[in-house]
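The file upload-v5.cif comes next; it holds mmCIF, C-alpha atoms.
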data_target
loop_
_atom_site.label_atom_id
_atom_site.label_comp_id
_atom_site.auth_asym_id
_atom_site.auth_seq_id
_atom_site.Cartn_x
_atom_site.Cartn_y
_atom_site.Cartn_z
CA MET A 1 -17.09 14.75 -18.68
CA SER A 2 -19.61 16.32 -16.32
CA THR A 3 -19.23 18.38 -13.17
CA VAL A 4 -21.43 18.61 -10.10
CA ILE A 5 -20.97 22.16 -8.79
CA PHE A 6 -22.17 22.81 -5.26
CA SER A 7 -22.68 26.23 -3.76
CA LEU A 8 -24.89 27.88 -1.15
CA ARG A 9 -27.89 30.12 -1.55
CA ARG A 10 -29.75 32.13 1.06
CA PRO A 11 -33.40 32.70 0.15
CA SER A 12 -33.08 36.07 1.92
CA GLY A 13 -30.34 37.89 3.81
CA ASP A 14 -31.01 36.38 7.20
CA ALA A 15 -32.34 32.96 6.18
CA GLU A 16 -30.43 29.68 6.57
CA PRO A 17 -28.53 28.73 3.42
CA THR A 18 -29.31 25.70 1.28
CA VAL A 19 -27.00 23.66 -0.97
CA VAL A 20 -27.62 24.50 -4.63
CA LEU A 21 -26.18 23.37 -7.95
CA PRO A 22 -26.36 24.70 -11.51
CA LEU A 23 -28.01 22.66 -14.24
CA VAL A 24 -28.08 23.17 -17.99
CA ARG A 25 -31.13 22.57 -20.14
CA ARG A 26 -30.38 20.18 -23.00
CA THR A 27 -31.01 21.72 -26.39
CA ARG A 28 -30.74 18.49 -28.38
CA ASP A 29 -31.46 14.79 -28.17
CA PRO A 30 -31.08 12.56 -26.29
CA HIS A 31 -33.23 14.01 -23.53
CA GLU A 32 -33.81 17.36 -25.27
CA GLY A 33 -35.47 19.80 -22.89
CA LEU A 34 -34.41 18.00 -19.70
CA TRP A 35 -32.01 19.52 -17.21
CA ALA A 36 -28.53 17.98 -17.01
CA LEU A 37 -25.19 18.46 -15.32
CA PRO A 38 -22.87 20.90 -17.07
CA GLY A 39 -20.30 19.05 -19.14
CA GLY A 40 -18.73 18.43 -22.49
CA TRP A 41 -16.31 16.26 -24.41
CA LEU A 42 -12.70 15.79 -23.37
CA GLY A 43 -10.29 17.60 -25.70
CA ASP A 44 -7.31 15.73 -27.20
CA ALA A 45 -4.78 17.95 -25.46
CA GLU A 46 -6.60 18.32 -22.14
CA ASN A 47 -5.99 16.56 -18.85
CA LEU A 48 -9.12 15.40 -17.07
CA GLU A 49 -9.01 18.09 -14.40
CA GLY A 50 -8.33 20.73 -17.06
CA ALA A 51 -11.43 19.66 -18.95
CA ALA A 52 -13.50 19.81 -15.77
CA SER A 53 -12.24 23.35 -15.05
CA ARG A 54 -13.03 24.43 -18.60
CA THR A 55 -16.54 22.98 -18.40
CA LEU A 56 -17.07 24.80 -15.13
CA ALA A 57 -15.87 28.11 -16.55
CA GLU A 58 -17.86 27.79 -19.78
CA THR A 59 -21.10 26.92 -18.04
CA THR A 60 -21.08 29.14 -15.01
CA SER A 61 -18.09 31.56 -15.31
CA LEU A 62 -17.16 30.32 -11.85
CA ASP A 63 -13.80 29.68 -10.24
CA PRO A 64 -14.02 26.72 -7.84
CA SER A 65 -12.59 26.70 -4.33
CA TYR A 66 -12.37 22.91 -4.57
CA LEU A 67 -12.33 20.49 -7.51
CA GLU A 68 -11.99 16.72 -7.25
CA GLN A 69 -12.71 13.72 -9.42
CA LEU A 70 -15.93 12.06 -8.28
CA TYR A 71 -16.25 8.83 -10.26
CA ALA A 72 -16.33 7.37 -13.76
CA PHE A 73 -19.83 6.30 -14.75
CA GLY A 74 -19.94 3.75 -17.54
CA ALA A 75 -23.06 1.58 -17.37
CA VAL A 76 -23.74 0.22 -20.86
CA ASP A 77 -27.31 1.56 -20.91
CA ARG A 78 -26.71 5.02 -19.44
CA SER A 79 -26.97 6.68 -22.89
CA PRO A 80 -28.27 5.56 -26.32
CA SER A 81 -24.66 5.42 -27.57
CA ARG A 82 -21.83 4.14 -25.39
CA VAL A 83 -20.63 7.08 -23.31
CA ILE A 84 -18.35 6.88 -20.30
CA SER A 85 -18.58 10.00 -18.23
CA ILE A 86 -15.73 10.97 -15.92
CA VAL A 87 -17.43 13.22 -13.39
CA TYR A 88 -15.81 15.87 -11.22
CA TRP A 89 -17.35 17.72 -8.33
CA ALA A 90 -16.60 21.26 -7.27
CA LEU A 91 -17.38 23.79 -4.59
CA VAL A 92 -17.82 27.49 -5.26
CA ARG A 93 -18.12 30.14 -2.58
CA GLU A 94 -21.49 31.59 -1.83
CA GLU A 95 -20.67 35.15 -2.93
CA VAL A 96 -19.11 33.99 -6.20
CA ALA A 97 -22.14 31.91 -7.10
CA SER A 98 -24.52 34.74 -6.28
CA THR A 99 -22.68 37.14 -8.56
CA ALA A 100 -22.52 34.64 -11.39
CA HIS A 101 -26.15 33.82 -10.87
CA ARG A 102 -27.17 37.45 -11.26
CA GLU A 103 -25.04 37.88 -14.37
CA ARG A 104 -26.59 34.90 -16.08
CA VAL A 105 -30.15 35.43 -14.98
CA ASP A 106 -31.10 36.17 -18.60
CA ASP A 107 -29.90 32.75 -19.77
CA ASP A 108 -32.93 30.45 -19.73
CA ASN A 109 -30.76 27.37 -20.22
CA VAL A 110 -28.72 27.62 -17.02
CA ALA A 111 -30.36 27.69 -13.60
CA TRP A 112 -29.52 26.91 -10.00
CA PHE A 113 -31.59 24.35 -8.12
CA ASP A 114 -31.86 23.24 -4.52
CA ALA A 115 -29.97 19.95 -4.19
CA ASP A 116 -32.94 18.55 -2.26
CA ASP A 117 -35.50 19.58 -4.85
CA LEU A 118 -34.25 18.69 -8.32
CA PRO A 119 -36.32 18.35 -11.49
CA PRO A 120 -36.08 15.06 -13.47
CA LEU A 121 -32.57 14.95 -14.93
CA ALA A 122 -31.19 13.54 -18.19
CA PHE A 123 -29.27 10.23 -18.36
CA ASP A 124 -28.14 8.91 -14.95
CA HIS A 125 -27.54 12.42 -13.64
CA THR A 126 -29.96 12.05 -10.72
CA ALA A 127 -27.87 9.12 -9.42
CA ILE A 128 -24.67 11.07 -10.05
CA VAL A 129 -25.89 14.05 -7.99
CA GLY A 130 -26.98 11.64 -5.26
CA TYR A 131 -23.51 10.15 -5.11
CA ALA A 132 -21.87 13.59 -5.12
CA LEU A 133 -24.05 14.69 -2.20
CA TRP A 134 -23.08 11.52 -0.33
CA ARG A 135 -19.39 12.29 -0.95
CA LEU A 136 -19.87 15.89 0.23
CA ARG A 137 -21.69 14.77 3.39
CA ASN A 138 -19.02 12.20 4.20
CA LYS A 139 -16.20 14.59 3.53
CA VAL A 140 -17.41 17.37 5.81
CA GLY A 141 -17.02 14.83 8.63
CA TYR A 142 -13.27 14.46 8.22
CA SER A 143 -12.01 17.59 6.42
CA ARG A 144 -12.51 21.33 6.47
CA ILE A 145 -14.10 21.23 3.02
CA ALA A 146 -17.16 23.17 4.23
CA HIS A 147 -14.95 26.27 4.33
CA GLY A 148 -14.86 26.11 0.53
CA LEU A 149 -18.48 27.27 0.44
CA LEU A 150 -17.96 30.35 2.61
CA THR A 151 -16.76 33.87 1.97
CA ASP A 152 -13.29 34.92 3.17
CA GLU A 153 -14.49 35.97 6.59
CA PHE A 154 -17.28 34.28 8.48
CA THR A 155 -18.68 33.76 11.93
CA VAL A 156 -18.87 30.41 13.71
CA ALA A 157 -22.64 30.57 13.20
CA ASP A 158 -22.11 30.96 9.43
CA LEU A 159 -19.94 27.85 9.41
CA ARG A 160 -22.47 25.92 11.46
CA GLU A 161 -25.18 26.86 9.00
CA VAL A 162 -23.07 25.44 6.17
CA TYR A 163 -22.68 22.14 8.03
CA GLN A 164 -26.40 22.10 8.75
CA ALA A 165 -27.24 22.72 5.09
CA ILE A 166 -24.95 19.89 3.98
CA LEU A 167 -25.91 17.38 6.67
CA GLY A 168 -29.60 18.25 6.67
CA ARG A 169 -29.88 18.43 10.46
CA ARG A 170 -29.41 20.94 13.26
CA LEU A 171 -26.17 20.98 15.25
CA ASP A 172 -25.83 22.12 18.83
CA PRO A 173 -24.31 25.66 18.70
CA ALA A 174 -22.16 25.30 21.84
CA ASN A 175 -20.75 21.89 20.89
CA PHE A 176 -20.09 23.06 17.36
CA ARG A 177 -18.22 26.16 18.56
CA ARG A 178 -16.07 24.06 20.90
CA GLN A 179 -15.16 21.61 18.15
CA VAL A 180 -14.22 24.14 15.49
CA GLU A 181 -12.33 26.37 17.92
CA SER A 182 -10.16 23.42 18.97
CA SER A 183 -9.65 22.17 15.39
CA GLY A 184 -6.89 24.62 14.43
CA ASN A 185 -8.70 25.31 11.16
CA LEU A 186 -9.96 28.78 12.10
CA LEU A 187 -7.96 31.96 12.54
CA PRO A 188 -9.75 34.68 14.57
CA THR A 189 -9.68 38.21 13.17
CA ASP A 190 -10.13 41.35 15.28
CA ARG A 191 -13.30 42.20 13.38
CA PHE A 192 -16.89 41.54 14.39
CA ARG A 193 -20.15 41.37 12.52
CA THR A 194 -22.74 43.67 14.02
CA GLY A 195 -26.41 43.86 13.23
CA SER A 196 -29.62 42.71 14.80
CA HIS A 197 -27.77 40.13 16.95
CA ARG A 198 -24.95 40.73 19.41
CA PRO A 199 -21.57 41.26 17.70
CA ALA A 200 -20.02 38.01 16.44
CA ARG A 201 -16.30 37.59 15.83
CA LEU A 202 -15.23 37.04 12.22
CA TYR A 203 -12.83 34.21 11.41
CA ARG A 204 -10.73 33.23 8.41
CA SER A 205 -9.80 29.75 7.24
CA ASN A 206 -6.31 28.65 8.18
CA PRO A 207 -4.57 28.60 4.77
CA ASP A 208 -1.98 26.13 6.10
CA VAL A 209 -4.64 23.42 6.31
CA GLU A 210 -5.75 21.91 2.99
CA LEU A 211 -9.49 21.84 2.34
CA ALA A 212 -9.13 18.05 2.13
CA ASP A 213 -6.24 15.58 2.11
CA ARG A 214 -5.65 14.70 -1.53
CA GLY A 215 -2.82 12.28 -0.74
CA PRO A 216 -0.44 11.48 -3.60
CA LEU A 217 -2.80 13.12 -6.12
CA ALA A 218 -2.00 16.54 -4.69
CA GLU A 219 1.54 16.39 -6.05
CA MET B 220 -8.82 -0.40 -17.57
CA SER B 221 -6.29 -1.58 -15.00
CA THR B 222 -6.66 -3.14 -11.58
CA VAL B 223 -4.46 -2.92 -8.51
CA ILE B 224 -4.92 -6.24 -6.69
CA PHE B 225 -3.71 -6.38 -3.11
CA SER B 226 -3.21 -9.54 -1.12
CA LEU B 227 -1.00 -10.79 1.71
CA ARG B 228 2.02 -13.05 1.62
CA ARG B 229 3.86 -14.67 4.50
CA PRO B 230 7.52 -15.36 3.68
CA SER B 231 7.21 -18.44 5.94
CA GLY B 232 4.46 -19.95 8.08
CA ASP B 233 5.13 -17.99 11.22
CA ALA B 234 6.45 -14.75 9.70
CA GLU B 235 4.56 -11.47 9.60
CA PRO B 236 2.66 -10.98 6.35
CA THR B 237 3.43 -8.29 3.79
CA VAL B 238 1.13 -6.61 1.26
CA VAL B 239 1.74 -7.97 -2.22
CA LEU B 240 0.30 -7.34 -5.67
CA PRO B 241 0.49 -9.18 -9.01
CA LEU B 242 2.11 -7.55 -12.01
CA VAL B 243 2.18 -8.59 -15.64
CA ARG B 244 5.24 -8.31 -17.85
CA ARG B 245 4.50 -6.37 -21.04
CA THR B 246 5.13 -8.39 -24.17
CA ARG B 247 4.85 -5.48 -26.61
CA ASP B 248 5.59 -1.79 -26.95
CA PRO B 249 5.20 0.68 -25.42
CA HIS B 250 7.33 -0.34 -22.46
CA GLU B 251 7.92 -3.90 -23.69
CA GLY B 252 9.57 -5.99 -20.97
CA LEU B 253 8.53 -3.73 -18.09
CA TRP B 254 6.11 -4.88 -15.40
CA ALA B 255 2.64 -3.31 -15.43
CA LEU B 256 -0.70 -3.55 -13.69
CA PRO B 257 -3.02 -6.23 -15.07
CA GLY B 258 -5.59 -4.71 -17.39
CA GLY B 259 -7.16 -4.59 -20.79
CA TRP B 260 -9.59 -2.72 -23.00
CA LEU B 261 -13.20 -2.09 -22.05
CA GLY B 262 -15.61 -4.21 -24.11
CA ASP B 263 -18.58 -2.58 -25.87
CA ALA B 264 -21.12 -4.52 -23.83
CA GLU B 265 -19.29 -4.40 -20.48
CA ASN B 266 -19.91 -2.19 -17.50
CA LEU B 267 -16.78 -0.78 -15.89
CA GLU B 268 -16.88 -3.06 -12.85
CA GLY B 269 -17.55 -6.05 -15.08
CA ALA B 270 -14.46 -5.27 -17.12
CA ALA B 271 -12.39 -4.96 -13.94
CA SER B 272 -13.64 -8.35 -12.72
CA ARG B 273 -12.86 -9.95 -16.08
CA THR B 274 -9.35 -8.47 -16.09
CA LEU B 275 -8.81 -9.79 -12.59
CA ALA B 276 -10.01 -13.29 -13.49
CA GLU B 277 -8.01 -13.45 -16.73
CA THR B 278 -4.77 -12.33 -15.13
CA THR B 279 -4.81 -14.09 -11.81
CA SER B 280 -7.78 -16.53 -11.74
CA LEU B 281 -8.74 -14.77 -8.52
CA ASP B 282 -12.08 -13.91 -7.03
CA PRO B 283 -11.87 -10.64 -5.09
CA SER B 284 -13.30 -10.09 -1.62
CA TYR B 285 -13.53 -6.38 -2.41
CA LEU B 286 -13.56 -4.42 -5.67
CA GLU B 287 -13.89 -0.64 -5.98
CA GLN B 288 -13.18 2.01 -8.53
CA LEU B 289 -9.95 3.82 -7.66
CA TYR B 290 -9.63 6.71 -10.08
CA ALA B 291 -9.56 7.65 -13.76
CA PHE B 292 -6.05 8.55 -14.90
CA GLY B 293 -5.95 10.67 -18.02
CA ALA B 294 -2.84 12.85 -18.20
CA VAL B 295 -2.16 13.69 -21.83
CA ASP B 296 1.41 12.37 -21.70
CA ARG B 297 0.82 9.13 -19.77
CA SER B 298 1.08 6.99 -22.91
CA PRO B 299 2.38 7.59 -26.47
CA SER B 300 -1.23 7.58 -27.71
CA ARG B 301 -4.08 9.15 -25.75
CA VAL B 302 -5.25 6.55 -23.27
CA ILE B 303 -7.54 7.19 -20.32
CA SER B 304 -7.30 4.40 -17.81
CA ILE B 305 -10.15 3.78 -15.39
CA VAL B 306 -8.46 1.93 -12.56
CA TYR B 307 -10.08 -0.38 -10.02
CA TRP B 308 -8.53 -1.80 -6.90
CA ALA B 309 -9.29 -5.15 -5.32
CA LEU B 310 -8.50 -7.25 -2.30
CA VAL B 311 -8.06 -11.01 -2.43
CA ARG B 312 -7.76 -13.24 0.61
CA GLU B 313 -4.39 -14.56 1.59
CA GLU B 314 -5.20 -18.24 1.00
CA VAL B 315 -6.77 -17.57 -2.43
CA ALA B 316 -3.75 -15.65 -3.59
CA SER B 317 -1.35 -18.34 -2.38
CA THR B 318 -3.18 -21.05 -4.30
CA ALA B 319 -3.33 -18.97 -7.45
CA HIS B 320 0.32 -18.12 -7.05
CA ARG B 321 1.32 -21.76 -6.93
CA GLU B 322 -0.82 -22.60 -9.94
CA ARG B 323 0.77 -19.91 -12.05
CA VAL B 324 4.33 -20.27 -10.90
CA ASP B 325 5.24 -21.55 -14.40
CA ASP B 326 4.04 -18.31 -16.02
CA ASP B 327 7.06 -16.04 -16.28
CA ASN B 328 4.89 -13.09 -17.23
CA VAL B 329 2.85 -12.86 -14.03
CA ALA B 330 4.50 -12.45 -10.63
CA TRP B 331 3.66 -11.14 -7.17
CA PHE B 332 5.72 -8.32 -5.70
CA ASP B 333 5.98 -6.69 -2.30
CA ALA B 334 4.08 -3.39 -2.45
CA ASP B 335 7.07 -1.74 -0.76
CA ASP B 336 9.63 -3.14 -3.18
CA LEU B 337 8.36 -2.77 -6.72
CA PRO B 338 10.42 -2.87 -9.91
CA PRO B 339 10.20 0.07 -12.34
CA LEU B 340 6.69 0.00 -13.82
CA ALA B 341 5.32 0.90 -17.25
CA PHE B 342 3.40 4.15 -17.91
CA ASP B 343 2.24 5.95 -14.73
CA HIS B 344 1.65 2.67 -12.91
CA THR B 345 4.08 3.47 -10.07
CA ALA B 346 2.00 6.54 -9.22
CA ILE B 347 -1.21 4.54 -9.55
CA VAL B 348 0.01 1.88 -7.10
CA GLY B 349 1.11 4.66 -4.73
CA TYR B 350 -2.37 6.17 -4.81
CA ALA B 351 -4.02 2.75 -4.32
CA LEU B 352 -1.82 2.11 -1.27
CA TRP B 353 -2.79 5.51 0.13
CA ARG B 354 -6.48 4.66 -0.37
CA LEU B 355 -6.01 1.27 1.31
CA ARG B 356 -4.19 2.84 4.29
CA ASN B 357 -6.85 5.51 4.70
CA LYS B 358 -9.68 3.06 4.38
CA VAL B 359 -8.47 0.63 7.06
CA GLY B 360 -8.83 3.53 9.48
CA TYR B 361 -12.59 3.88 8.99
CA SER B 362 -13.86 0.52 7.68
CA ARG B 363 -13.35 -3.18 8.27
CA ILE B 364 -11.75 -3.59 4.85
CA ALA B 365 -8.70 -5.34 6.33
CA HIS B 366 -10.92 -8.39 6.87
CA GLY B 367 -11.01 -8.79 3.09
CA LEU B 368 -7.39 -9.95 3.17
CA LEU B 369 -7.92 -12.68 5.78
CA THR B 370 -9.13 -16.25 5.65
CA ASP B 371 -12.59 -17.12 6.99
CA GLU B 372 -11.38 -17.66 10.55
CA PHE B 373 -8.59 -15.72 12.15
CA THR B 374 -7.18 -14.68 15.51
CA VAL B 375 -7.00 -11.11 16.76
CA ALA B 376 -3.23 -11.35 16.29
CA ASP B 377 -3.76 -12.31 12.62
CA LEU B 378 -5.93 -9.24 12.14
CA ARG B 379 -3.40 -7.00 13.89
CA GLU B 380 -0.68 -8.29 11.58
CA VAL B 381 -2.80 -7.31 8.59
CA TYR B 382 -3.19 -3.78 9.94
CA GLN B 383 0.53 -3.63 10.66
CA ALA B 384 1.37 -4.79 7.13
CA ILE B 385 -0.94 -2.14 5.61
CA LEU B 386 0.04 0.73 7.90
CA GLY B 387 3.73 -0.13 8.04
CA ARG B 388 4.01 0.25 11.81
CA ARG B 389 3.52 -1.83 14.95
CA LEU B 390 0.28 -1.57 16.91
CA ASP B 391 -0.03 -2.19 20.63
CA PRO B 392 -1.56 -5.70 21.02
CA ALA B 393 -3.70 -4.89 24.09
CA ASN B 394 -5.10 -1.64 22.66
CA PHE B 395 -5.77 -3.32 19.32
CA ARG B 396 -7.64 -6.19 20.97
CA ARG B 397 -9.79 -3.79 22.95
CA GLN B 398 -10.69 -1.78 19.86
CA VAL B 399 -11.65 -4.68 17.62
CA GLU B 400 -13.54 -6.51 20.35
CA SER B 401 -15.69 -3.44 20.95
CA SER B 402 -16.20 -2.74 17.23
CA GLY B 403 -18.96 -5.30 16.64
CA ASN B 404 -17.16 -6.45 13.49
CA LEU B 405 -15.89 -9.75 14.93
CA LEU B 406 -17.92 -12.85 15.84
CA PRO B 407 -16.15 -15.22 18.24
CA THR B 408 -16.20 -18.93 17.36
CA ASP B 409 -15.75 -21.75 19.89
CA ARG B 410 -12.57 -22.86 18.15
CA PHE B 411 -8.98 -22.04 19.06
CA ARG B 412 -5.73 -22.12 17.20
CA THR B 413 -3.13 -24.16 19.02
CA GLY B 414 0.54 -24.48 18.29
CA SER B 415 3.75 -23.06 19.66
CA HIS B 416 1.88 -20.22 21.41
CA ARG B 417 -0.93 -20.45 23.94
CA PRO B 418 -4.32 -21.24 22.32
CA ALA B 419 -5.88 -18.23 20.58
CA ARG B 420 -9.59 -17.90 19.90
CA LEU B 421 -10.64 -17.89 16.25
CA TYR B 422 -13.05 -15.21 15.03
CA ARG B 423 -15.14 -14.70 11.93
CA SER B 424 -16.07 -11.42 10.26
CA ASN B 425 -19.56 -10.17 11.03
CA PRO B 426 -21.30 -10.61 7.65
CA ASP B 427 -23.88 -7.98 8.61
CA VAL B 428 -21.24 -5.28 8.43
CA GLU B 429 -20.13 -4.27 4.94
CA LEU B 430 -16.39 -4.29 4.28
CA ALA B 431 -16.74 -0.58 3.50
CA ASP B 432 -19.63 1.84 3.13
CA ARG B 433 -20.22 2.20 -0.62
CA GLY B 434 -23.07 4.66 -0.20
CA PRO B 435 -25.45 5.05 -3.15
CA LEU B 436 -23.07 3.08 -5.40
CA ALA B 437 -23.85 -0.10 -3.48
CA GLU B 438 -27.39 -0.14 -4.86
#

Target format structure tokens, applied to this file:
Amino acid sequence: MSTVIFSLRRPSGDAEPTVVLPLVRRTRDPHEGLWALPGGWLGDAENLEGAASRTLAETTSLDPSYLEQLYAFGAVDRSPSRVISIVYWALVREEVASTAHRERVDDDNVAWFDADDLPPLAFDHTAIVGYALWRLRNKVGYSRIAHGLLTDEFTVADLREVYQAILGRRLDPANFRRQVESSGNLLPTDRFRTGSHRPARLYRSNPDVELADRGPLAE
Amino acid sequence: MSTVIFSLRRPSGDAEPTVVLPLVRRTRDPHEGLWALPGGWLGDAENLEGAASRTLAETTSLDPSYLEQLYAFGAVDRSPSRVISIVYWALVREEVASTAHRERVDDDNVAWFDADDLPPLAFDHTAIVGYALWRLRNKVGYSRIAHGLLTDEFTVADLREVYQAILGRRLDPANFRRQVESSGNLLPTDRFRTGSHRPARLYRSNPDVELADRGPLAE
């Protein structure tokens, strides 16, 4: 079991966010010293999603806003012994990840990396991250999953920056505003963010809309 | 490992097709006598997709037009012993399934059932089929996967009947024709089907368009 955990990081307060994920340095063979996805063995009394949540908590102390099975990877040669890895992927909100990151900054064996700038990874984990990013990019196109990376209240510009970070391209601000305002996924608050720019209205996610349609698996 | 194999069946030559799948009667406990998805154990030297293909061939002698991993099911209580089942789903073309069906009609332990009218199934297989149907219904909306159920040459009405069978509702013939003709997924032939109706042009699938976008997993 491994989990790809995506969050956002802003290099500085006003900078555009980037998609980041935590990696764990392997302390034993195979691939000792290489970075790898957080993970562990499935317990006898654990469901798959339970094991993924436990892994996530143990590695990063984080509570995910979204958790979904990604894929089972089982190529014969992916590890020296035969290991089938059932991989989950998760989103954690920006503020949560920042706090956890600060708390664990003294742990040399866990670190957050830019998704676009990863070190060499153990096993087939580079391919796994690539597939998880592809799933994330696809899914932002037909769900409101991007909200799972944001804090409780956010501006339309914040949300656009999340889409831009995920999709890796700029979006037209006026078109983007029109689309999200007509989507029914945003609830306006009566609060505004003030600062160096003109005041921007703060929105909340509509809790009546699921982050993504899980179909029969949601039951 | 189990595989949900979808195909089409026409009750008679001119009737609308329905989505069908093959089931295997269990000849030992647990759940002896109940119908179940075809499957088997993963071999030491097999990749996951290889095992799914082998299962498919052993059970039904069928060659799939589409094969994809569905999900890993691992609830602790899904079987008396702890069994994690990595499930694939497949499409086989109507004509292939009909031939195979005739060949195996003397095998009491394999039979094809309407997806909408299944007997009680072993383990969590009813839920698995429900999830596979949900995936199929979703996927016809954003891919040309429905072509994987058709013969090499087909009319627009044939294709519409496949969509109707999958989605469980009628589609407007004129709208449907407009959409598929503008999709770039169909190549017109210079042949027509004649019979009791007015002649209808036969089309082929555009082989340059993948049945569905597999992303990095296609590599």

Under the PyMOL selection byres ((chain A) within 8 of (chain B)), which residues of this model are included? Write them out as a PyMOL selection string. chain A and resi 44-48+69+71-76+82+86+127+130-131+134+215-217

Here's the selection I'm unsure about, the PyMOL selection byres ((chain A and resi 191) around 8); applied to the file above, which residues does it give, as a VMD selection string? chain A and resid 189 to 190 192 to 193 201 to 202

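Taken over the whole file, the PyMOL selection byres ((chain A and resi 149) around 6) covers exactly Val92, Arg93, Glu94, Ala146, His147, Gly148 and Leu150 of chain A.
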
Given the choices B:Glu372, B:Asp432, B:Ala334, B:Leu281, which gets closest to Lys358 in chain B if the distance is worked out from all atoms listed in the file?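 Between B:Glu372, B:Asp432, B:Ala334, B:Leu281, the residue approaching Lys358 in chain B most closely is B:Asp432.
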
Computed gap from CA of Ser65 in chain A to CA of Leu211 in chain A is 8.8 Å

Could you give me, as a short mmCIF file (atom, residue, chain, number, x, y, z; two decimals) with C-alpha atoms, keeping the file's coordinate frame, the residues that have an atom at most 12 Å away from the point (-17.6, 29.9, -16.9) in the coordinates of the file, using all atoms listed in the file?
data_model
loop_
_atom_site.label_atom_id
_atom_site.label_comp_id
_atom_site.auth_asym_id
_atom_site.auth_seq_id
_atom_site.Cartn_x
_atom_site.Cartn_y
_atom_site.Cartn_z
CA ILE A 5 -20.97 22.16 -8.79
CA PRO A 22 -26.36 24.70 -11.51
CA PRO A 38 -22.87 20.90 -17.07
CA GLY A 39 -20.30 19.05 -19.14
CA ALA A 52 -13.50 19.81 -15.77
CA SER A 53 -12.24 23.35 -15.05
CA ARG A 54 -13.03 24.43 -18.60
CA THR A 55 -16.54 22.98 -18.40
CA LEU A 56 -17.07 24.80 -15.13
CA ALA A 57 -15.87 28.11 -16.55
CA GLU A 58 -17.86 27.79 -19.78
CA THR A 59 -21.10 26.92 -18.04
CA THR A 60 -21.08 29.14 -15.01
CA SER A 61 -18.09 31.56 -15.31
CA LEU A 62 -17.16 30.32 -11.85
CA ASP A 63 -13.80 29.68 -10.24
CA PRO A 64 -14.02 26.72 -7.84
CA VAL A 92 -17.82 27.49 -5.26
CA VAL A 96 -19.11 33.99 -6.20
CA ALA A 97 -22.14 31.91 -7.10
CA ALA A 100 -22.52 34.64 -11.39
CA HIS A 101 -26.15 33.82 -10.87
CA GLU A 103 -25.04 37.88 -14.37
CA ARG A 104 -26.59 34.90 -16.08
CA VAL A 110 -28.72 27.62 -17.02
#

If you measure from CA of Asp208 in chain A to CA of Tyr142 in chain A, what distance in Å do you get, rounded to one decimal?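 About the pair CA of Asp208 in chain A and CA of Tyr142 in chain A: they are 16.4 Å apart.
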
Add whatever atoms are absent from range 350-361 of chain B to reach N, CA and C atoms, and provide the output as a PDB file, in the frame of the given file.
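As a result, result-v4.pdb now contains:
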ATOM      1  N   TYR B 350      -1.064   5.628  -5.200  1.00  0.00           N
ATOM      2  CA  TYR B 350      -2.370   6.170  -4.810  1.00  0.00           C
ATOM      3  C   TYR B 350      -3.262   5.069  -4.245  1.00  0.00           C
ATOM      4  N   ALA B 351      -3.198   3.873  -4.826  1.00  0.00           N
ATOM      5  CA  ALA B 351      -4.020   2.750  -4.320  1.00  0.00           C
ATOM      6  C   ALA B 351      -3.599   2.379  -2.899  1.00  0.00           C
ATOM      7  N   LEU B 352      -2.299   2.395  -2.615  1.00  0.00           N
ATOM      8  CA  LEU B 352      -1.820   2.110  -1.270  1.00  0.00           C
ATOM      9  C   LEU B 352      -2.315   3.170  -0.287  1.00  0.00           C
ATOM     10  N   TRP B 353      -2.304   4.412  -0.722  1.00  0.00           N
ATOM     11  CA  TRP B 353      -2.790   5.510   0.130  1.00  0.00           C
ATOM     12  C   TRP B 353      -4.270   5.304   0.433  1.00  0.00           C
ATOM     13  N   ARG B 354      -5.061   4.907  -0.580  1.00  0.00           N
ATOM     14  CA  ARG B 354      -6.480   4.660  -0.370  1.00  0.00           C
ATOM     15  C   ARG B 354      -6.686   3.501   0.602  1.00  0.00           C
ATOM     16  N   LEU B 355      -5.910   2.437   0.416  1.00  0.00           N
ATOM     17  CA  LEU B 355      -6.010   1.270   1.310  1.00  0.00           C
ATOM     18  C   LEU B 355      -5.674   1.676   2.748  1.00  0.00           C
ATOM     19  N   ARG B 356      -4.604   2.439   2.934  1.00  0.00           N
ATOM     20  CA  ARG B 356      -4.190   2.840   4.290  1.00  0.00           C
ATOM     21  C   ARG B 356      -5.228   3.738   4.942  1.00  0.00           C
ATOM     22  N   ASN B 357      -5.781   4.650   4.162  1.00  0.00           N
ATOM     23  CA  ASN B 357      -6.850   5.510   4.700  1.00  0.00           C
ATOM     24  C   ASN B 357      -8.048   4.682   5.101  1.00  0.00           C
ATOM     25  N   LYS B 358      -8.420   3.764   4.227  1.00  0.00           N
ATOM     26  CA  LYS B 358      -9.680   3.060   4.380  1.00  0.00           C
ATOM     27  C   LYS B 358      -9.652   2.080   5.558  1.00  0.00           C
ATOM     28  N   VAL B 359      -8.496   1.515   5.890  1.00  0.00           N
ATOM     29  CA  VAL B 359      -8.470   0.630   7.060  1.00  0.00           C
ATOM     30  C   VAL B 359      -8.781   1.411   8.320  1.00  0.00           C
ATOM     31  N   GLY B 360      -8.576   2.724   8.290  1.00  0.00           N
ATOM     32  CA  GLY B 360      -8.830   3.530   9.480  1.00  0.00           C
ATOM     33  C   GLY B 360     -10.313   3.713   9.765  1.00  0.00           C
ATOM     34  N   TYR B 361     -11.171   3.613   8.753  1.00  0.00           N
ATOM     35  CA  TYR B 361     -12.590   3.880   8.990  1.00  0.00           C
ATOM     36  C   TYR B 361     -13.508   2.815   8.388  1.00  0.00           C
TER      37      TYR B 361
END
